[in-house]
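Quick notes on the structure that follows.
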Amino acid sequence: MFHYQNFEPPFPIPESWKWATVGEVSSSILYGVSESAKPNGKYKLLRITDIQDNNVIWDNVPFTNFDTSNAEQYILQNGDILFARTGATVGKSYLVREVPFNSIYASYLIRIRTSNEICPKYLKLFFEAGYYWQQISEGSVGIGQPNVNGTSLGQLLLPVPPKAEQIRIINRAESLTELISSIDVWTENLSRSIEQTKNKILDLAMQGKLVPQNPTDEPAADMLRRINPKAKIITDNPHYPQLPENWVLTTIDSVCLYGNSKTIPVSDINAEDWILELEDMESYTGRLLQIKSKKERVISGSRHSFKSGDILFSRLRTYLNKVHLSTNGGFCSTEMIPITPFKCVVSEYLYYWLRSPFFVEYTISCGYGVKMPRLSTSDANKAIVPLPPLDEQKRIVETIQRFHDGLDRISNALN
């Protein structure tokens with residue numbers, strides 16, 4: 001039975017449990033050594049930065065030299081718990097499970113070695129619990145560099161069950177942790193599959209395989225010539241998959257206005273106008289992360305103007321697939337190209353084409369620049385577009401949206 005002073009328990013515990021302090025369940029609480037990391041030496045020197053996600057890659061831990069006659073008390077053993085005592089990592093703990101080298105620990109760490117009355121794994125569970133973090137928050141001192149010293153660490157209160165119950169708690173916690181980890185992996189795999197399915201839907205749509213063709217639809221070639229007599233009709237393209245008979249291959253500049261948007265100095269933009277920057281758009285989805293007016297930003301230079309119905313396409317690092325169909329007008333980064341569809345193409349169909357694997361792969365293949373590749377206006381305008389009849393475009397858009405809405409509901413349920 002542990003000794004503790006009379007106090008008001010913070011919450012009730014079973015009768016067989018006792019309240020104790022970390023100091024009472026520890027055989028020692030010891031600060032680390034003030035030594036410098038070296039490429040070679042007698043000992044490994046474990047630092048706060050070497051502990052990531054409750055794990056240590058020992059091959060990456062540096063060495064140090066230390067007085068051999070004084071090193072024994074700092075040598076780490078299995079079952080030791082290391083505690084970060086200062087800075088942004090204060091409160092972070094690590095249970096030493098395997099020490100492949102003679103290893104000591106740096107001064108920003110405190111080592112706790114438990115007594116026989118408590119399992120190290122149980123104490124580690126306490127260091128993960130909300131009540132522990134509440135005490136750490138209340139006991140941490142310092143503003144710029146919060147810290148907890150060995151004395152305050154030893155005074156932390158914890159509920160201590162009998163040793164056999166500690167083991168049962170540990171086993172149950174480990175099984176639940178494994179279950180949660182497997183669920184996390186399953187969720188991640190499902191999320192990845194959802195995105196792959198969305199891309200496959202776009203892939204099938206742009207090959208004419210998503211919806212059935214209607215022979216009464218006006219052929220796309222006839223519709224395109226009627227609306228845009230100057231449109232390019234491509235009859236020979238062996239690199240493109242076989243399309244339905246009433247579709248036609250054409251180019252971006254035949255179905256929309258690309259690269260001719262007005263450039264407006266920031267000084268001429270009203271304070272209330274919407275300013276869209278690249279970081280406001282989510283990668284791979286094109287969703288808007290935030291909407292800010294000019295007065296909410298500190299900006300200079302110039303911006304492209306766009307209107308409701310324009311498709312906003314990021315020509316920078318096109319593999320990020322930042323494409324957005326705008327329902328409002330505003331001004332955007334000059335790295336973003338406003339695209340105005342002609343009457344021969346449904347805006348949503350063109351939006352989905354710009355996000356399709358076919359087009360993304362094309363932009364990657366002809367982008368220029370190494371670190372920050374861009375798509376040139378000339379290359380963009382030469383991109384080939386598979387164009388269905390207008391009514392089929394609408395059916396394709398409706399089908400894509402229906403499938404994507406269902407997948408989004410599944411994705412949202414996972415979060």
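Scheme for the structure tokens: letters A, B, ... for chains in order shown; per-chain residue numbers from 1; ligand numbers from 1 in order shown.
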Report task. Skip Glu277 of chain A itself and residues of its chain fewer than 4 positions away, then list as a ChimeraX atom specification all residues within 8 Å of it, counting only C-alpha atoms. Result -> /A:281,332-333
Requested in this report: Mind the document's chain letters and residue numbers, and return as a PyMOL selection string the residues of segment 9-229 of chain A that DSSP labels helix (DSSP H, G or I).
Outcome: chain A and resi 48-50+58-60+68-74+87-89+120-126+130-139+150-154+163-205+220-227
Requested in this report: Name all residues at most 7 Å from segment 375-387 of chain A (count only C-alpha atoms; drop same-chain ones fewer than 5 positions away) and give them as a ChimeraX atom specification.
Outcome: /A:206,220,247-253,258-259,315-316,363,366-368
Query raised in the report: Neighbours of Tyr105 of chain A within 6 Å (only C-alpha atoms; same-chain residues fewer than 6 positions away dropped), as JSON, numbers by chain?
Result: {"A": [32, 45, 46]}
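Using only C-alpha atoms, the smallest distance between any of A:Val255, A:Leu276, A:Val96, A:Ala84 and Lys232 of chain A comes from A:Val255.
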Requested in this report: Write out as an NGL selection string each polymer residue whose atoms come within 8 Å of Ile291 of chain A, counting only C-alpha atoms; drop sequence neighbours fewer than 2 positions from it.
Outcome: :A and (274-276 or 280 or 288-289 or 293)
**Report entry** Nearby residues (only C-alpha atoms) at most 12 Å from segment 117-123 of chain A, same-chain spacing under 6 positions excluded, as a PyMOL selection string
**Finding:** chain A and resi 1-2+18+20-27+77-83+93-97+111+129+132+156-174
